[in-house]
>>> print(open('run02.cif').read())   # mmCIF, N, CA, C and O atoms
data_query
#
loop_
_atom_site.label_atom_id
_atom_site.label_comp_id
_atom_site.auth_asym_id
_atom_site.auth_seq_id
_atom_site.Cartn_x
_atom_site.Cartn_y
_atom_site.Cartn_z
N HIS L 293 -18.83 -19.97 -14.39
CA HIS L 293 -18.75 -20.64 -13.09
C HIS L 293 -18.32 -19.63 -12.03
O HIS L 293 -17.19 -19.17 -12.03
N GLU L 294 -19.24 -19.35 -11.12
CA GLU L 294 -18.93 -18.38 -10.07
C GLU L 294 -17.83 -18.87 -9.14
O GLU L 294 -17.01 -18.08 -8.67
N ASP L 295 -17.78 -20.19 -8.89
CA ASP L 295 -16.72 -20.71 -8.02
C ASP L 295 -15.35 -20.53 -8.65
O ASP L 295 -14.37 -20.24 -7.96
N HIS L 296 -15.26 -20.60 -9.97
CA HIS L 296 -13.99 -20.39 -10.66
C HIS L 296 -13.59 -18.92 -10.56
O HIS L 296 -12.41 -18.60 -10.32
N ALA L 297 -14.56 -18.01 -10.71
CA ALA L 297 -14.28 -16.58 -10.59
C ALA L 297 -13.84 -16.23 -9.17
O ALA L 297 -12.93 -15.41 -8.98
N ASN L 298 -14.47 -16.85 -8.18
CA ASN L 298 -14.08 -16.61 -6.79
C ASN L 298 -12.66 -17.11 -6.52
O ASN L 298 -11.89 -16.46 -5.82
N ALA L 299 -12.31 -18.25 -7.07
CA ALA L 299 -10.96 -18.78 -6.90
C ALA L 299 -9.94 -17.83 -7.53
O ALA L 299 -8.89 -17.55 -6.94
N ARG L 300 -10.25 -17.33 -8.70
CA ARG L 300 -9.34 -16.40 -9.38
C ARG L 300 -9.16 -15.13 -8.55
O ARG L 300 -8.04 -14.64 -8.38
N MET L 301 -10.25 -14.59 -8.03
CA MET L 301 -10.20 -13.40 -7.20
C MET L 301 -9.35 -13.65 -5.95
O MET L 301 -8.50 -12.85 -5.59
N MET L 302 -9.55 -14.80 -5.32
CA MET L 302 -8.77 -15.14 -4.13
C MET L 302 -7.28 -15.21 -4.48
O MET L 302 -6.44 -14.67 -3.76
N ALA L 303 -6.96 -15.87 -5.58
CA ALA L 303 -5.57 -16.01 -5.99
C ALA L 303 -4.93 -14.65 -6.24
O ALA L 303 -3.79 -14.41 -5.83
N GLU L 304 -5.65 -13.75 -6.88
CA GLU L 304 -5.11 -12.43 -7.17
C GLU L 304 -4.85 -11.65 -5.89
O GLU L 304 -3.83 -10.96 -5.77
N LEU L 305 -5.75 -11.75 -4.92
CA LEU L 305 -5.55 -11.05 -3.65
C LEU L 305 -4.40 -11.66 -2.85
O LEU L 305 -3.58 -10.94 -2.28
N ILE L 306 -4.32 -12.97 -2.83
CA ILE L 306 -3.25 -13.65 -2.10
C ILE L 306 -1.90 -13.37 -2.76
O ILE L 306 -0.88 -13.24 -2.07
N ALA L 307 -1.88 -13.24 -4.07
CA ALA L 307 -0.62 -12.99 -4.80
C ALA L 307 0.02 -11.66 -4.42
O ALA L 307 1.21 -11.46 -4.64
N GLU L 308 -0.75 -10.75 -3.82
CA GLU L 308 -0.21 -9.46 -3.39
C GLU L 308 0.63 -9.60 -2.12
O GLU L 308 1.37 -8.69 -1.75
N ALA L 309 0.52 -10.74 -1.44
CA ALA L 309 1.29 -11.01 -0.22
C ALA L 309 2.58 -11.73 -0.60
O ALA L 309 2.74 -12.19 -1.74
N PRO L 310 3.51 -11.84 0.35
CA PRO L 310 4.76 -12.56 0.07
C PRO L 310 4.53 -14.07 -0.01
O PRO L 310 4.56 -14.78 0.99
N VAL L 311 4.25 -14.54 -1.23
CA VAL L 311 3.92 -15.95 -1.45
C VAL L 311 4.27 -16.29 -2.90
O VAL L 311 4.35 -15.40 -3.75
N ASP L 312 4.49 -17.55 -3.17
CA ASP L 312 4.76 -17.99 -4.54
C ASP L 312 3.49 -18.61 -5.10
O ASP L 312 3.03 -19.64 -4.61
N ILE L 313 2.93 -17.95 -6.13
CA ILE L 313 1.71 -18.43 -6.76
C ILE L 313 1.79 -18.13 -8.24
O ILE L 313 2.21 -17.05 -8.65
N ASP L 314 1.39 -19.08 -9.05
CA ASP L 314 1.35 -18.92 -10.50
C ASP L 314 -0.10 -18.69 -10.89
O ASP L 314 -0.89 -19.63 -10.96
N LEU L 315 -0.45 -17.44 -11.15
CA LEU L 315 -1.84 -17.10 -11.46
C LEU L 315 -2.33 -17.78 -12.73
O LEU L 315 -3.53 -18.01 -12.89
N ASP L 316 -1.42 -18.13 -13.62
CA ASP L 316 -1.82 -18.81 -14.87
C ASP L 316 -2.40 -20.19 -14.62
O ASP L 316 -3.11 -20.73 -15.47
N THR L 317 -2.11 -20.76 -13.45
CA THR L 317 -2.61 -22.11 -13.16
C THR L 317 -4.00 -22.09 -12.52
O THR L 317 -4.61 -23.15 -12.35
N VAL L 318 -4.49 -20.92 -12.16
CA VAL L 318 -5.80 -20.82 -11.50
C VAL L 318 -6.87 -20.68 -12.57
O VAL L 318 -7.19 -19.59 -13.01
N ARG L 319 -7.38 -21.84 -12.99
CA ARG L 319 -8.37 -21.86 -14.07
C ARG L 319 -9.68 -22.52 -13.65
O ARG L 319 -10.65 -22.49 -14.39
N THR L 320 -9.67 -23.13 -12.49
CA THR L 320 -10.88 -23.79 -11.98
C THR L 320 -11.18 -23.22 -10.60
O THR L 320 -10.88 -22.07 -10.33
N ASN L 321 -11.74 -24.03 -9.74
CA ASN L 321 -12.07 -23.58 -8.39
C ASN L 321 -10.98 -23.93 -7.37
O ASN L 321 -11.22 -23.91 -6.18
N ILE L 322 -9.79 -24.23 -7.85
CA ILE L 322 -8.68 -24.63 -6.97
C ILE L 322 -7.58 -23.58 -7.01
O ILE L 322 -7.16 -23.14 -8.08
N VAL L 323 -7.12 -23.19 -5.81
CA VAL L 323 -6.00 -22.25 -5.67
C VAL L 323 -4.92 -22.94 -4.86
O VAL L 323 -5.18 -23.41 -3.75
N ILE L 324 -3.71 -23.00 -5.42
CA ILE L 324 -2.58 -23.60 -4.72
C ILE L 324 -1.44 -22.58 -4.73
O ILE L 324 -1.15 -21.99 -5.77
N PHE L 325 -0.82 -22.40 -3.57
CA PHE L 325 0.35 -21.53 -3.50
C PHE L 325 1.36 -22.11 -2.53
O PHE L 325 1.03 -22.98 -1.72
N THR L 326 2.58 -21.64 -2.63
CA THR L 326 3.68 -22.15 -1.82
C THR L 326 4.15 -21.06 -0.86
O THR L 326 4.37 -19.92 -1.26
N LEU L 327 4.29 -21.44 0.39
CA LEU L 327 4.80 -20.53 1.41
C LEU L 327 6.28 -20.29 1.17
O LEU L 327 7.01 -21.20 0.76
N ARG L 328 6.73 -19.12 1.42
CA ARG L 328 8.15 -18.79 1.27
C ARG L 328 8.93 -19.14 2.53
O ARG L 328 8.35 -19.39 3.59
N LYS L 329 10.23 -19.13 2.41
CA LYS L 329 11.14 -19.40 3.53
C LYS L 329 10.88 -20.76 4.17
O LYS L 329 11.03 -20.93 5.38
N SER L 330 10.43 -21.71 3.35
CA SER L 330 10.18 -23.07 3.83
C SER L 330 9.26 -23.11 5.05
O SER L 330 9.42 -23.92 5.95
N ALA L 331 8.30 -22.20 5.08
CA ALA L 331 7.35 -22.17 6.20
C ALA L 331 6.52 -23.46 6.21
O ALA L 331 6.30 -24.09 5.18
N ASP L 332 6.06 -23.83 7.38
CA ASP L 332 5.33 -25.07 7.59
C ASP L 332 3.86 -24.90 7.21
O ASP L 332 3.13 -24.12 7.83
N ALA L 333 3.42 -25.62 6.21
CA ALA L 333 2.04 -25.51 5.71
C ALA L 333 1.03 -25.93 6.77
O ALA L 333 -0.02 -25.28 6.92
N GLU L 334 1.30 -26.98 7.51
CA GLU L 334 0.34 -27.43 8.52
C GLU L 334 0.12 -26.37 9.59
O GLU L 334 -1.01 -26.13 10.03
N ALA L 335 1.18 -25.71 10.01
CA ALA L 335 1.06 -24.64 11.00
C ALA L 335 0.28 -23.46 10.43
O ALA L 335 -0.54 -22.86 11.13
N PHE L 336 0.50 -23.14 9.17
CA PHE L 336 -0.22 -22.03 8.55
C PHE L 336 -1.71 -22.36 8.42
O PHE L 336 -2.57 -21.51 8.72
N VAL L 337 -2.03 -23.58 8.03
CA VAL L 337 -3.43 -24.00 7.93
C VAL L 337 -4.10 -23.94 9.31
O VAL L 337 -5.27 -23.55 9.43
N ALA L 338 -3.37 -24.27 10.37
CA ALA L 338 -3.91 -24.19 11.72
C ALA L 338 -4.23 -22.73 12.09
O ALA L 338 -5.26 -22.45 12.70
N LYS L 339 -3.35 -21.80 11.69
CA LYS L 339 -3.60 -20.37 11.93
C LYS L 339 -4.83 -19.91 11.17
O LYS L 339 -5.65 -19.14 11.69
N LEU L 340 -4.96 -20.36 9.93
CA LEU L 340 -6.15 -20.01 9.15
C LEU L 340 -7.41 -20.52 9.83
O LEU L 340 -8.41 -19.80 9.94
N LYS L 341 -7.37 -21.75 10.30
CA LYS L 341 -8.54 -22.35 10.94
C LYS L 341 -8.95 -21.57 12.18
O LYS L 341 -10.14 -21.39 12.45
N GLN L 342 -7.96 -21.09 12.95
CA GLN L 342 -8.26 -20.27 14.13
C GLN L 342 -9.02 -19.00 13.75
O GLN L 342 -9.76 -18.46 14.57
N ARG L 343 -8.83 -18.55 12.51
CA ARG L 343 -9.51 -17.34 12.03
C ARG L 343 -10.77 -17.68 11.21
O ARG L 343 -11.37 -16.81 10.60
N GLY L 344 -11.15 -18.96 11.18
CA GLY L 344 -12.37 -19.37 10.51
C GLY L 344 -12.22 -19.66 9.03
O GLY L 344 -13.21 -19.76 8.31
N VAL L 345 -10.98 -19.84 8.57
CA VAL L 345 -10.71 -20.11 7.15
C VAL L 345 -10.22 -21.55 7.02
O VAL L 345 -9.25 -21.95 7.66
N LEU L 346 -10.90 -22.33 6.19
CA LEU L 346 -10.52 -23.73 5.99
C LEU L 346 -9.68 -23.87 4.72
O LEU L 346 -10.04 -23.33 3.68
N ALA L 347 -8.58 -24.59 4.84
CA ALA L 347 -7.69 -24.84 3.71
C ALA L 347 -7.02 -26.19 3.95
O ALA L 347 -7.12 -26.76 5.03
N GLY L 348 -6.33 -26.65 2.93
CA GLY L 348 -5.59 -27.90 3.05
C GLY L 348 -4.12 -27.67 2.73
O GLY L 348 -3.73 -26.59 2.30
N THR L 349 -3.34 -28.70 2.94
CA THR L 349 -1.91 -28.61 2.62
C THR L 349 -1.61 -29.40 1.36
O THR L 349 -2.31 -30.35 1.01
N VAL L 350 -0.56 -28.97 0.70
CA VAL L 350 -0.01 -29.68 -0.44
C VAL L 350 1.49 -29.80 -0.17
O VAL L 350 2.20 -28.79 -0.16
N TYR L 351 1.94 -30.98 0.13
CA TYR L 351 3.33 -31.20 0.53
C TYR L 351 3.62 -30.41 1.80
O TYR L 351 2.72 -30.05 2.54
N ARG L 352 4.87 -30.11 2.07
CA ARG L 352 5.24 -29.47 3.34
C ARG L 352 5.04 -27.96 3.35
O ARG L 352 4.85 -27.37 4.41
N HIS L 353 5.06 -27.34 2.16
CA HIS L 353 5.06 -25.88 2.12
C HIS L 353 3.93 -25.30 1.28
O HIS L 353 3.89 -24.10 1.05
N GLY L 354 3.01 -26.14 0.84
CA GLY L 354 1.95 -25.67 -0.05
C GLY L 354 0.59 -25.61 0.64
O GLY L 354 0.29 -26.40 1.53
N ILE L 355 -0.21 -24.64 0.19
CA ILE L 355 -1.56 -24.45 0.71
C ILE L 355 -2.54 -24.59 -0.45
O ILE L 355 -2.27 -24.14 -1.56
N ARG L 356 -3.69 -25.19 -0.17
CA ARG L 356 -4.70 -25.43 -1.20
C ARG L 356 -6.06 -24.96 -0.72
O ARG L 356 -6.52 -25.34 0.35
N PHE L 357 -6.68 -24.11 -1.54
CA PHE L 357 -8.06 -23.70 -1.32
C PHE L 357 -8.91 -24.29 -2.43
O PHE L 357 -8.47 -24.37 -3.58
N VAL L 358 -10.13 -24.67 -2.10
CA VAL L 358 -11.10 -25.09 -3.10
C VAL L 358 -12.38 -24.30 -2.83
O VAL L 358 -12.95 -24.41 -1.75
N THR L 359 -12.79 -23.51 -3.81
CA THR L 359 -14.04 -22.76 -3.65
C THR L 359 -15.21 -23.64 -4.07
O THR L 359 -15.04 -24.58 -4.84
N HIS L 360 -16.36 -23.32 -3.55
CA HIS L 360 -17.57 -24.09 -3.85
C HIS L 360 -18.60 -23.16 -4.46
O HIS L 360 -18.66 -21.99 -4.11
N ARG L 361 -19.43 -23.69 -5.32
CA ARG L 361 -20.42 -22.84 -6.00
C ARG L 361 -21.40 -22.20 -5.04
O ARG L 361 -22.00 -21.19 -5.35
N ASP L 362 -21.55 -22.76 -3.83
CA ASP L 362 -22.45 -22.17 -2.84
C ASP L 362 -21.76 -21.15 -1.94
O ASP L 362 -22.42 -20.52 -1.12
N ALA L 363 -20.45 -21.00 -2.06
CA ALA L 363 -19.72 -20.02 -1.25
C ALA L 363 -19.94 -18.62 -1.83
O ALA L 363 -19.77 -18.40 -3.03
N GLU L 364 -20.33 -17.71 -0.97
CA GLU L 364 -20.56 -16.34 -1.43
C GLU L 364 -19.25 -15.62 -1.67
O GLU L 364 -18.24 -15.89 -1.00
N ARG L 365 -19.27 -14.70 -2.62
CA ARG L 365 -18.07 -13.95 -2.97
C ARG L 365 -17.49 -13.23 -1.75
O ARG L 365 -16.28 -13.20 -1.55
N SER L 366 -18.36 -12.66 -0.93
CA SER L 366 -17.89 -11.92 0.25
C SER L 366 -17.11 -12.84 1.20
O SER L 366 -16.13 -12.42 1.80
N ALA L 367 -17.53 -14.09 1.33
CA ALA L 367 -16.82 -15.04 2.18
C ALA L 367 -15.45 -15.37 1.59
O ALA L 367 -14.46 -15.48 2.32
N CYS L 368 -15.39 -15.50 0.27
CA CYS L 368 -14.11 -15.76 -0.40
C CYS L 368 -13.17 -14.57 -0.27
O CYS L 368 -11.96 -14.73 -0.05
N GLU L 369 -13.72 -13.37 -0.38
CA GLU L 369 -12.91 -12.16 -0.20
C GLU L 369 -12.35 -12.09 1.21
O GLU L 369 -11.17 -11.76 1.40
N GLU L 370 -13.17 -12.41 2.19
CA GLU L 370 -12.71 -12.38 3.58
C GLU L 370 -11.63 -13.45 3.82
O GLU L 370 -10.64 -13.19 4.49
N ALA L 371 -11.81 -14.62 3.27
CA ALA L 371 -10.80 -15.68 3.40
C ALA L 371 -9.48 -15.24 2.78
O ALA L 371 -8.41 -15.46 3.36
N ALA L 372 -9.54 -14.62 1.62
CA ALA L 372 -8.32 -14.15 0.95
C ALA L 372 -7.66 -13.03 1.75
O ALA L 372 -6.44 -12.99 1.89
N ARG L 373 -8.48 -12.13 2.31
CA ARG L 373 -7.93 -11.02 3.10
C ARG L 373 -7.22 -11.56 4.34
O ARG L 373 -6.10 -11.14 4.65
N ILE L 374 -7.84 -12.50 5.03
CA ILE L 374 -7.22 -13.10 6.23
C ILE L 374 -5.94 -13.83 5.85
O ILE L 374 -4.92 -13.72 6.54
N THR L 375 -5.98 -14.57 4.75
CA THR L 375 -4.80 -15.31 4.30
C THR L 375 -3.64 -14.36 4.02
O THR L 375 -2.51 -14.58 4.48
N ALA L 376 -3.92 -13.29 3.27
CA ALA L 376 -2.86 -12.33 2.94
C ALA L 376 -2.33 -11.66 4.20
O ALA L 376 -1.11 -11.46 4.34
N GLU L 377 -3.21 -11.37 5.14
CA GLU L 377 -2.79 -10.75 6.41
C GLU L 377 -1.82 -11.67 7.16
O GLU L 377 -0.77 -11.22 7.63
N LEU L 378 -2.16 -12.94 7.24
CA LEU L 378 -1.29 -13.89 7.94
C LEU L 378 0.03 -14.10 7.20
O LEU L 378 1.07 -14.29 7.82
N LEU L 379 -0.01 -14.05 5.88
CA LEU L 379 1.21 -14.21 5.09
C LEU L 379 2.17 -13.05 5.32
O LEU L 379 3.38 -13.21 5.19
N ARG L 380 1.65 -11.89 5.64
CA ARG L 380 2.49 -10.70 5.85
C ARG L 380 3.11 -10.66 7.25
O ARG L 380 3.94 -9.81 7.52
N GLN L 381 2.67 -11.54 8.13
CA GLN L 381 3.19 -11.53 9.50
C GLN L 381 4.58 -12.15 9.58
O GLN L 381 4.97 -12.96 8.81
#
>>> encode(input="run02.cif", output="C-alpha coordinates")
Amino acid sequence: HEDHANARMMAELIAEAPVDIDLDTVRTNIVIFTLRKSADAEAFVAKLKQRGVLAGTVYRHGIRFVTHRDAERSACEEAARITAELLRQ
(Lines of atoms letter the chains of each structure in order from A and count residues from 1; the text may use other names and numbers.)
(Lines give C-alpha, C1' and ligand atoms only; values in the text may rest on other atoms or scores of the structure.)
Protein backbone atom coordinates (compact mmCIF):
# COMPACT_ATOMS: atom_id res chain seq x y z
CA HIS A 1 0.00 0.00 0.00
CA GLU A 2 1.65 3.18 -1.20
CA ASP A 3 -0.51 5.33 1.07
CA HIS A 4 0.75 3.37 4.09
CA ALA A 5 4.37 3.85 2.96
CA ASN A 6 3.75 7.58 2.50
CA ALA A 7 2.27 7.84 5.99
CA ARG A 8 5.29 6.07 7.45
CA MET A 9 7.67 8.38 5.59
CA MET A 10 5.75 11.43 6.81
CA ALA A 11 5.83 10.18 10.39
CA GLU A 12 9.57 9.58 10.25
CA LEU A 13 10.24 13.08 8.91
CA ILE A 14 7.91 14.72 11.42
CA ALA A 15 9.50 12.73 14.27
CA GLU A 16 12.75 14.63 13.65
CA ALA A 17 11.02 17.82 14.87
CA PRO A 18 10.14 18.62 18.49
CA VAL A 19 6.95 16.55 18.69
CA ASP A 20 5.64 13.47 20.48
CA ILE A 21 5.00 10.62 18.04
CA ASP A 22 5.08 6.87 18.46
CA LEU A 23 6.38 5.50 15.17
CA ASP A 24 5.31 1.98 16.16
CA THR A 25 1.67 3.07 15.82
CA VAL A 26 2.03 4.19 12.19
CA ARG A 27 0.96 1.03 10.40
CA THR A 28 -1.73 2.30 8.05
CA ASN A 29 -2.34 5.57 6.24
CA ILE A 30 -2.94 7.51 9.47
CA VAL A 31 -0.34 9.62 11.29
CA ILE A 32 -1.15 11.08 14.70
CA PHE A 33 1.21 13.13 16.85
CA THR A 34 0.96 15.37 19.89
CA LEU A 35 2.21 18.93 20.04
CA ARG A 36 4.56 19.70 22.90
CA LYS A 37 4.16 22.43 25.51
CA SER A 38 0.38 22.07 25.34
CA ALA A 39 0.32 23.89 22.01
CA ASP A 40 -3.10 24.46 20.47
CA ALA A 41 -3.85 21.92 17.74
CA GLU A 42 -6.49 24.05 16.03
CA ALA A 43 -4.07 26.96 15.68
CA PHE A 44 -1.38 24.64 14.30
CA VAL A 45 -3.80 23.14 11.76
CA ALA A 46 -4.70 26.69 10.68
CA LYS A 47 -0.98 27.44 10.10
CA LEU A 48 -0.66 24.26 8.07
CA LYS A 49 -3.68 25.21 5.97
CA GLN A 50 -2.14 28.62 5.23
CA ARG A 51 0.81 26.69 3.75
CA GLY A 52 -1.45 24.38 1.72
CA VAL A 53 -1.30 21.37 4.06
CA LEU A 54 -4.57 19.82 5.24
CA ALA A 55 -4.73 18.06 8.60
CA GLY A 56 -7.17 17.46 11.40
CA THR A 57 -7.09 17.71 15.16
CA VAL A 58 -7.26 14.99 17.76
CA TYR A 59 -8.24 16.43 21.13
CA ARG A 60 -6.68 19.77 22.09
CA HIS A 61 -3.03 19.01 21.34
CA GLY A 62 -3.07 16.29 18.69
CA ILE A 63 -2.68 16.45 14.92
CA ARG A 64 -3.91 13.83 12.46
CA PHE A 65 -2.87 13.24 8.87
CA VAL A 66 -4.49 10.71 6.57
CA THR A 67 -2.71 9.87 3.33
CA HIS A 68 -4.64 8.78 0.28
CA ARG A 69 -3.63 6.27 -2.36
CA ASP A 70 -3.88 9.00 -5.01
CA ALA A 71 -1.54 11.37 -3.14
CA GLU A 72 1.88 11.49 -4.72
CA ARG A 73 4.93 10.80 -2.58
CA SER A 74 6.40 14.21 -3.42
CA ALA A 75 3.26 15.92 -2.04
CA CYS A 76 3.51 13.89 1.17
CA GLU A 77 7.19 14.78 1.48
CA GLU A 78 6.39 18.46 1.07
CA ALA A 79 3.59 18.27 3.66
CA ALA A 80 5.95 16.59 6.13
CA ARG A 81 8.70 19.14 5.44
CA ILE A 82 6.31 22.07 6.03
CA THR A 83 4.95 20.42 9.18
CA ALA A 84 8.43 19.87 10.62
CA GLU A 85 9.40 23.45 9.73
CA LEU A 86 6.39 24.84 11.60
CA LEU A 87 7.03 22.56 14.57
CA ARG A 88 10.55 23.99 14.89
CA GLN A 89 9.28 27.58 15.11
>>> residues_around(input="run02.cif", residues="Arg300 of chain L", least_positions_apart="2", cutoff="8 Å", atoms="only N, CA, C and O atoms", output="PyMOL selection string")
chain L and resi 293-298+302-307+315+318-323
>>> resolve_selection(input="run02.cif", expression="the PyMOL selection byres ((chain L and resi 347) around 6)", output="list in words")
Val337, Val345, Leu346, Gly348, Thr349, Arg356 and Phe357 of chain L
>>> closest_residue(input="run02.cif", among="L:Ala299, L:Val311, L:Leu340, L:Val350", to="Leu378 of chain L", atoms="only C-alpha atoms")
L:Leu340
>>> closest_residue(input="run02.cif", among="L:Met301, L:Ile313, L:Ile324, L:Gln342", to="Cys368 of chain L", atoms="only C-alpha atoms")
L:Met301
>>> select_by_dssp(input="run02.cif", residues="segment 304-377 of chain L", states="strand (DSSP E)", output="PyMOL selection string")
chain L and resi 322-326+348-350+354-358
>>> closest_residue(input="run02.cif", among="L:Val358, L:Ala371, L:Arg352, L:Asp314", to="Asp332 of chain L", atoms="only C-alpha atoms")
L:Arg352
>>> residues_near_point(input="run02.cif", point="(-0.4, -13.9, 1.3)", cutoff="5 Å", atoms="all atoms listed in the file", output="PyMOL selection string")
chain L and resi 306+309-310+375-376+379
>>> atom_distance(input="run02.cif", atom1="atom C of Ala335 of chain L", atom2="atom C of Thr359 of chain L")
21.2 Å
>>> select_by_dssp(input="run02.cif", residues="chain L", states="alpha helix (DSSP H)", output="MDAnalysis selection string")
chainID L and resid 294:306 333:342 365:379
>>> atom_distance(input="run02.cif", atom1="atom CA of Arg365 of chain L", atom2="atom CA of Gly344 of chain L")
15.6 Å
>>> atom_distance(input="run02.cif", atom1="atom CA of Glu369 of chain L", atom2="atom CA of Ala333 of chain L")
20.9 Å
>>> resolve_selection(input="run02.cif", expression="the PyMOL selection byres ((chain L and resi 325) around 4.5)", output="ChimeraX atom specification")
/L:312,323-324,326-327,353-355
